[in-house]
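Below is my_file03.pdb, which holds PDB, C-alpha atoms, pLDDT in the B column.
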```
ATOM      1  CA  MET A   1      29.294-121.101-125.671  1.00 51.00           C
ATOM      2  CA  GLU A   2      28.938-123.920-123.190  1.00 61.00           C
ATOM      3  CA  VAL A   3      32.150-125.515-121.944  1.00 55.00           C
ATOM      4  CA  THR A   4      31.613-128.997-120.569  1.00 74.00           C
ATOM      5  CA  SER A   5      35.116-130.120-119.593  1.00 81.00           C
ATOM      6  CA  ALA A   6      38.780-129.798-120.371  1.00 86.00           C
ATOM      7  CA  VAL A   7      40.941-132.611-121.674  1.00 87.00           C
ATOM      8  CA  VAL A   8      44.187-133.310-119.855  1.00 90.00           C
ATOM      9  CA  VAL A   9      46.596-136.043-120.935  1.00 90.00           C
ATOM     10  CA  GLN A  10      49.480-136.533-118.535  1.00 93.00           C
ATOM     11  CA  PRO A  11      52.861-137.930-119.646  1.00 91.00           C
ATOM     12  CA  GLY A  12      52.645-141.711-119.979  1.00 90.00           C
ATOM     13  CA  GLU A  13      48.830-141.791-120.242  1.00 92.00           C
ATOM     14  CA  ALA A  14      48.576-141.770-124.033  1.00 90.00           C
ATOM     15  CA  ALA A  15      48.077-144.960-125.993  1.00 86.00           C
ATOM     16  CA  ARG A  16      51.067-145.975-128.125  1.00 88.00           C
ATOM     17  CA  VAL A  17      51.392-147.950-131.327  1.00 83.00           C
ATOM     18  CA  SER A  18      54.800-149.161-132.505  1.00 82.00           C
ATOM     19  CA  LEU A  19      55.694-148.949-136.182  1.00 78.00           C
ATOM     20  CA  ALA A  20      58.472-150.699-138.060  1.00 77.00           C
ATOM     21  CA  ASN A  21      60.558-147.487-137.889  1.00 86.00           C
ATOM     22  CA  GLY A  22      58.803-145.227-135.397  1.00 87.00           C
ATOM     23  CA  GLU A  23      55.933-144.801-132.992  1.00 89.00           C
ATOM     24  CA  PHE A  24      52.483-143.176-132.775  1.00 86.00           C
ATOM     25  CA  GLU A  25      51.425-141.729-129.452  1.00 91.00           C
ATOM     26  CA  LEU A  26      47.677-141.083-129.489  1.00 89.00           C
ATOM     27  CA  LEU A  27      46.907-138.154-127.215  1.00 91.00           C
ATOM     28  CA  THR A  28      43.216-137.560-128.036  1.00 89.00           C
ATOM     29  CA  ASP A  29      40.848-139.491-130.284  1.00 83.00           C
ATOM     30  CA  GLY A  30      37.810-137.850-131.890  1.00 74.00           C
ATOM     31  CA  GLY A  31      35.805-134.907-130.574  1.00 77.00           C
ATOM     32  CA  ALA A  32      36.814-131.347-131.432  1.00 83.00           C
ATOM     33  CA  VAL A  33      40.359-132.458-132.287  1.00 89.00           C
ATOM     34  CA  SER A  34      42.328-135.662-132.684  1.00 90.00           C
ATOM     35  CA  THR A  35      45.902-135.265-131.507  1.00 93.00           C
ATOM     36  CA  SER A  36      48.892-137.541-131.891  1.00 92.00           C
ATOM     37  CA  ARG A  37      52.651-137.446-131.742  1.00 95.00           C
ATOM     38  CA  LEU A  38      54.578-139.278-134.419  1.00 95.00           C
ATOM     39  CA  THR A  39      58.227-140.183-133.971  1.00 96.00           C
ATOM     40  CA  LEU A  40      59.952-141.406-137.133  1.00 96.00           C
ATOM     41  CA  GLY A  41      63.316-143.077-137.639  1.00 95.00           C
ATOM     42  CA  THR A  42      65.829-141.908-140.231  1.00 96.00           C
ATOM     43  CA  GLY A  43      64.081-141.266-143.562  1.00 95.00           C
ATOM     44  CA  ALA A  44      60.941-143.192-142.502  1.00 93.00           C
ATOM     45  CA  ASN A  45      57.594-142.552-144.188  1.00 91.00           C
ATOM     46  CA  GLY A  46      54.862-141.261-141.902  1.00 89.00           C
ATOM     47  CA  GLY A  47      51.810-141.009-144.131  1.00 85.00           C
ATOM     48  CA  SER A  48      51.203-142.389-147.609  1.00 86.00           C
ATOM     49  CA  PRO A  49      49.598-140.024-150.133  1.00 92.00           C
ATOM     50  CA  HIS A  50      46.033-139.327-148.998  1.00 93.00           C
ATOM     51  CA  HIS A  51      43.525-136.596-148.278  1.00 94.00           C
ATOM     52  CA  HIS A  52      40.809-135.922-145.742  1.00 94.00           C
ATOM     53  CA  LYS A  53      37.338-134.859-146.837  1.00 94.00           C
ATOM     54  CA  LEU A  54      36.281-133.457-143.458  1.00 92.00           C
ATOM     55  CA  SER A  55      39.309-132.381-141.452  1.00 92.00           C
ATOM     56  CA  HIS A  56      42.163-129.899-141.550  1.00 95.00           C
ATOM     57  CA  GLU A  57      45.445-131.567-140.540  1.00 95.00           C
ATOM     58  CA  VAL A  58      48.058-129.550-138.658  1.00 97.00           C
ATOM     59  CA  PHE A  59      51.699-130.629-138.269  1.00 98.00           C
ATOM     60  CA  TYR A  60      54.106-128.980-135.830  1.00 98.00           C
ATOM     61  CA  VAL A  61      57.669-130.282-136.141  1.00 98.00           C
ATOM     62  CA  LEU A  62      59.025-130.833-132.637  1.00 98.00           C
ATOM     63  CA  ASP A  63      62.450-132.087-133.720  1.00 98.00           C
ATOM     64  CA  GLY A  64      64.350-133.089-136.839  1.00 98.00           C
ATOM     65  CA  THR A  65      63.207-132.413-140.385  1.00 98.00           C
ATOM     66  CA  MET A  66      60.020-133.567-142.100  1.00 98.00           C
ATOM     67  CA  LEU A  67      59.444-133.896-145.828  1.00 97.00           C
ATOM     68  CA  PHE A  68      55.929-133.047-147.039  1.00 97.00           C
ATOM     69  CA  ARG A  69      54.214-133.532-150.380  1.00 96.00           C
ATOM     70  CA  LEU A  70      51.428-130.946-150.437  1.00 96.00           C
ATOM     71  CA  GLY A  71      49.496-131.263-153.677  1.00 94.00           C
ATOM     72  CA  ASP A  72      52.149-130.617-156.343  1.00 92.00           C
ATOM     73  CA  THR A  73      54.675-129.128-153.913  1.00 94.00           C
ATOM     74  CA  LEU A  74      57.518-130.941-152.165  1.00 95.00           C
ATOM     75  CA  THR A  75      58.908-129.125-149.124  1.00 96.00           C
ATOM     76  CA  SER A  76      61.119-129.746-146.091  1.00 97.00           C
ATOM     77  CA  VAL A  77      60.098-128.374-142.717  1.00 98.00           C
ATOM     78  CA  ARG A  78      62.560-128.143-139.833  1.00 98.00           C
ATOM     79  CA  ARG A  79      62.087-128.101-136.070  1.00 98.00           C
ATOM     80  CA  GLY A  80      59.659-125.340-135.099  1.00 98.00           C
ATOM     81  CA  GLY A  81      57.917-125.333-138.501  1.00 98.00           C
ATOM     82  CA  LEU A  82      54.169-125.628-138.978  1.00 98.00           C
ATOM     83  CA  VAL A  83      52.108-127.067-141.840  1.00 98.00           C
ATOM     84  CA  ILE A  84      48.305-126.820-142.171  1.00 98.00           C
ATOM     85  CA  VAL A  85      46.698-129.053-144.793  1.00 98.00           C
ATOM     86  CA  PRO A  86      43.113-128.163-145.807  1.00 98.00           C
ATOM     87  CA  PRO A  87      40.441-130.774-146.518  1.00 97.00           C
ATOM     88  CA  GLY A  88      40.760-132.229-150.022  1.00 96.00           C
ATOM     89  CA  MET A  89      44.499-131.582-150.470  1.00 97.00           C
ATOM     90  CA  VAL A  90      46.485-134.708-151.281  1.00 96.00           C
ATOM     91  CA  HIS A  91      49.474-134.920-148.976  1.00 97.00           C
ATOM     92  CA  ALA A  92      52.145-137.315-147.751  1.00 96.00           C
ATOM     93  CA  PHE A  93      54.852-136.936-145.148  1.00 96.00           C
ATOM     94  CA  GLY A  94      57.831-138.557-143.515  1.00 96.00           C
ATOM     95  CA  ALA A  95      61.221-137.921-141.985  1.00 97.00           C
ATOM     96  CA  ALA A  96      63.557-136.272-144.503  1.00 97.00           C
ATOM     97  CA  ASP A  97      66.290-138.467-145.980  1.00 95.00           C
ATOM     98  CA  GLY A  98      69.076-138.906-143.422  1.00 96.00           C
ATOM     99  CA  GLU A  99      66.960-137.312-140.680  1.00 95.00           C
ATOM    100  CA  VAL A 100      64.803-138.466-137.787  1.00 95.00           C
ATOM    101  CA  ALA A 101      61.647-136.520-136.990  1.00 97.00           C
ATOM    102  CA  ASP A 102      59.240-135.906-134.155  1.00 98.00           C
ATOM    103  CA  VAL A 103      55.957-134.193-135.048  1.00 98.00           C
ATOM    104  CA  LEU A 104      52.717-133.245-133.306  1.00 97.00           C
ATOM    105  CA  VAL A 105      49.679-133.895-135.542  1.00 95.00           C
ATOM    106  CA  VAL A 106      46.227-132.386-134.949  1.00 95.00           C
ATOM    107  CA  LEU A 107      43.061-133.057-136.975  1.00 92.00           C
ATOM    108  CA  SER A 108      40.077-130.766-136.650  1.00 91.00           C
ATOM    109  CA  PRO A 109      37.316-131.664-136.404  1.00 86.00           C
ATOM    110  CA  GLY A 110      38.526-134.779-134.682  1.00 81.00           C
ATOM    111  CA  ILE A 111      37.824-138.225-136.035  1.00 81.00           C
ATOM    112  CA  GLU A 112      38.631-141.697-134.759  1.00 78.00           C
ATOM    113  CA  ARG A 113      42.365-142.214-135.270  1.00 75.00           C
ATOM    114  CA  PHE A 114      43.503-144.996-132.941  1.00 79.00           C
ATOM    115  CA  GLY A 115      41.995-147.778-135.052  1.00 82.00           C
ATOM    116  CA  LEU A 116      43.638-146.242-138.128  1.00 81.00           C
ATOM    117  CA  PHE A 117      47.040-146.067-136.426  1.00 78.00           C
ATOM    118  CA  GLU A 118      46.785-149.681-135.261  1.00 82.00           C
ATOM    119  CA  HIS A 119      45.897-150.708-138.807  1.00 83.00           C
ATOM    120  CA  LEU A 120      48.775-148.696-140.314  1.00 77.00           C
ATOM    121  CA  ALA A 121      51.195-150.147-137.753  1.00 78.00           C
ATOM    122  CA  ALA A 122      50.159-153.688-138.697  1.00 83.00           C
ATOM    123  CA  ILE A 123      50.746-152.824-142.368  1.00 81.00           C
ATOM    124  CA  SER A 124      54.177-151.329-141.580  1.00 77.00           C
ATOM    125  CA  ARG A 125      55.167-154.520-139.752  1.00 80.00           C
ATOM    126  CA  GLY A 126      53.976-156.727-142.641  1.00 87.00           C
ATOM    127  CA  GLU A 127      51.069-158.171-140.640  1.00 90.00           C
ATOM    128  CA  ALA A 128      48.356-156.769-142.939  1.00 90.00           C
ATOM    129  CA  GLU A 129      48.025-155.782-146.593  1.00 89.00           C
ATOM    130  CA  PHE A 130      47.610-152.106-147.459  1.00 81.00           C
ATOM    131  CA  SER A 131      44.451-152.986-149.399  1.00 85.00           C
ATOM    132  CA  SER A 132      42.807-154.026-146.120  1.00 87.00           C
ATOM    133  CA  LEU A 133      42.586-150.330-145.245  1.00 81.00           C
ATOM    134  CA  LEU A 134      40.334-149.502-148.225  1.00 82.00           C
ATOM    135  CA  PRO A 135      36.991-150.517-146.634  1.00 87.00           C
ATOM    136  CA  GLU A 136      37.762-148.250-143.660  1.00 85.00           C
ATOM    137  CA  ARG A 137      38.511-145.019-145.555  1.00 84.00           C
ATOM    138  CA  ASP A 138      35.219-143.232-144.767  1.00 85.00           C
ATOM    139  CA  ARG A 139      35.300-144.264-141.103  1.00 86.00           C
ATOM    140  CA  TYR A 140      38.776-142.739-140.683  1.00 86.00           C
ATOM    141  CA  ASP A 141      38.372-139.943-143.290  1.00 88.00           C
ATOM    142  CA  PHE A 142      41.540-141.323-144.854  1.00 85.00           C
ATOM    143  CA  HIS A 143      41.288-141.397-148.646  1.00 88.00           C
ATOM    144  CA  LEU A 144      44.295-142.797-150.492  1.00 85.00           C
ATOM    145  CA  ALA A 145      45.836-141.184-153.564  1.00 91.00           C
ATOM    146  CA  ASP A 146      47.860-142.905-156.283  1.00 88.00           C
ATOM    147  CA  LEU A 147      51.235-141.202-155.973  1.00 87.00           C
ATOM    148  CA  PRO A 148      53.821-144.000-155.638  1.00 85.00           C
ATOM    149  CA  ASN A 149      56.935-141.788-155.736  1.00 90.00           C
ATOM    150  CA  TRP A 150      55.672-138.987-153.508  1.00 94.00           C
ATOM    151  CA  ARG A 151      59.206-138.057-152.371  1.00 94.00           C
ATOM    152  CA  SER A 152      60.183-137.142-155.948  1.00 89.00           C
ATOM    153  CA  ALA A 153      59.735-133.568-157.111  1.00 74.00           C
ATOM    154  CA  PRO A 154      56.659-133.188-159.345  1.00 73.00           C
ATOM    155  CA  ALA A 155      57.285-132.763-163.067  1.00 61.00           C
ATOM    156  CA  GLN A 156      57.140-129.129-164.158  1.00 55.00           C
TER     157      GLN A 156
END
```
Could you write out this file's structure as structure tokens?
Amino acid sequence: MEVTSAVVVQPGEAARVSLANGEFELLTDGGAVSTSRLTLGTGANGGSPHHHKLSHEVFYVLDGTMLFRLGDTLTSVRRGGLVIVPPGMVHAFGAADGEVADVLVVLSPGIERFGLFEHLAAISRGEAEFSSLLPERDRYDFHLADLPNWRSAPAQ
């Protein structure tokens, strides 16, 4: 195995995108992995229901509590918890009700994420319509799912 170079991102070097109730910090974009840190305000949504065709998505909760919809399962994950979402699984996530959250997110293999985060931030601030993301879904491997009340427990 040939190793060409290491990636080092020092504090303050990452690109940041402000959201209406949080912030994305983009640590790496594309390549073997795409890595970001997502800080969410109290009860804020982090990702609408979607799936990835190509990438696994890994979440490590740095602080607070996250709520995840993983297929037909709704689960809370506290600080120190880990979630791995396989390609094809519909998922959504956000800070749990009454909680703030800080989470490290890794996609592997990596895909371009910064353009997606800028687009999502514009939507969260009311500067763009959600439908404007549809033509970009293959580019970002971000495929939306129709699950409007993702925070509600699935019917049994």
Handout entry: Glu23 in chain A surroundings by only C-alpha atoms, 9 Å radius, close-in-sequence under 5 positions cut, as a VMD selection string
Key = chain A and resid 16 to 18 37 to 41 121
Problem - Contacts of Ala96 in chain A within 8 Å, all atoms listed in the file, excl. fewer than 3 positions in-chain, as a ChimeraX atom specification - result: /A:42-44,65-67,76,99-101
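Going from CA of Pro11 in chain A over to CA of Ser48 in chain A, you cover 28.4 Å.
Picked out by the PyMOL selection byres ((chain A and resi 141) around 8) when it runs on this file: His51, His52, Lys53, Leu54, Ser55, Ile111, Arg137, Asp138, Arg139, Tyr140, Phe142 and His143 of chain A.
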Practice task
Name every residue that the PyMOL selection byres ((chain A and resi 47) around 9) selects in this structure, writing the answer as a ChimeraX atom specification with chains first and numbers rising.
Solution key: /A:45-46,48-50,91-94
Practice task
Excluding Gly110 in chain A and residues on its chain fewer than 3 positions from it, collect all residues at most 7 Å away from it, counting only C-alpha atoms, and give them as a VMD selection string.
Solution key: chain A and resid 29 to 34 107
Practice task
Please provide as number ranges by chain all residues within 6 Å of Asp63 in chain A, with the sequence filter that same-chain residues fewer than 2 positions apart are discarded (counting all atoms listed in the file).
Solution key: A: 61, 79, 101-102
Now that the selection is made, can you save its residues with C-alpha atoms as an mmCIF file, in the frame of the given file?
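Listing of result02.cif after writing:
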```
data_model
loop_
_atom_site.group_PDB
_atom_site.id
_atom_site.type_symbol
_atom_site.label_atom_id
_atom_site.label_comp_id
_atom_site.auth_asym_id
_atom_site.auth_seq_id
_atom_site.Cartn_x
_atom_site.Cartn_y
_atom_site.Cartn_z
ATOM 1 C CA VAL A 61 57.669 -130.282 -136.141
ATOM 2 C CA ARG A 79 62.087 -128.101 -136.070
ATOM 3 C CA ALA A 101 61.647 -136.520 -136.990
ATOM 4 C CA ASP A 102 59.240 -135.906 -134.155
#
```
Exercise for the section: For the structure shown, which residues end up in the PyMOL selection byres ((chain A and resi 152) around 12)? Put them as a PyMOL selection string, please? Expected result: chain A and resi 67-69+72-75+92+96-97+147-151+153-156
Practice task
Could you tell me how far CA of Arg78 in chain A lies from CA of Leu19 in chain A, in Å and to one decimal?
Solution key: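 According to the coordinates, CA of Arg78 in chain A and CA of Leu19 in chain A are separated by 22.2 Å.
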Problem - Pick from A:Leu27, A:Leu116, A:Ala14, A:Val106 nearest to Pro135 in chain A, counting all atoms listed in the file - result: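 Among A:Leu27, A:Leu116, A:Ala14, A:Val106, it is A:Leu116 that comes nearest to Pro135 in chain A.
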Handout entry: Between CA of Pro86 in chain A and CA of Asp146 in chain A, distance in Å (one decimal)
Key =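 Computed distance, CA of Pro86 in chain A to CA of Asp146 in chain A, equals 18.7 Å.
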As JSON: centre and edge lengths in Å, one decimal, of the axis-aligned box holding range 115-134 of chain A with 5 Å per side:
```
{"center_x": 47.8, "center_y": -152.1, "center_z": -142.2, "size_x": 24.8, "size_y": 22.1, "size_z": 24.3}
```
Exercise for the section: Using all atoms listed in the file, determine which residues lie at most 9 Å from Phe59 in chain A, disregarding the query and same-chain residues fewer than 5 positions distant; provide the list as an MDAnalysis selection string. Expected result: chainID A and resid 81:85 103:106
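Remark: for Glu112 in chain A, the closest of the candidate residues A:Leu70, A:Leu26, A:Ala145, A:Ala95 is A:Leu26 (distances computed over all atoms listed in the file).
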Exercise for the section: Using all atoms listed in the file, find the one residue out of A:Arg113, A:Leu62, A:Gly80, A:Gly22 that sits nearest to Thr35 in chain A. Expected result: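 Of A:Arg113, A:Leu62, A:Gly80, A:Gly22, the one nearest Thr35 in chain A is A:Arg113, counting all atoms listed in the file.
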Handout entry: A:Ile123, A:Val58, A:Ala128, A:Leu133 ranked by distance to Ser108 in chain A, top pick (using all atoms listed in the file)
Key =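 Going through A:Ile123, A:Val58, A:Ala128, A:Leu133 one by one, the smallest distance to Ser108 in chain A is for A:Val58.
Comparing the minimum interatomic distances between Pro109 in chain A and each of A:Glu57, A:Arg125, A:Gly71, A:Val77, counting all atoms listed in the file, we find that A:Glu57 sits nearest.
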Handout entry: For Leu144 in chain A, the nearest of the candidates A:Ala20, A:Ala15, A:Val9, A:Val90, counting all atoms listed in the file
Key =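 Looking at the shortest contact to Leu144 in chain A, the residue is A:Val90.
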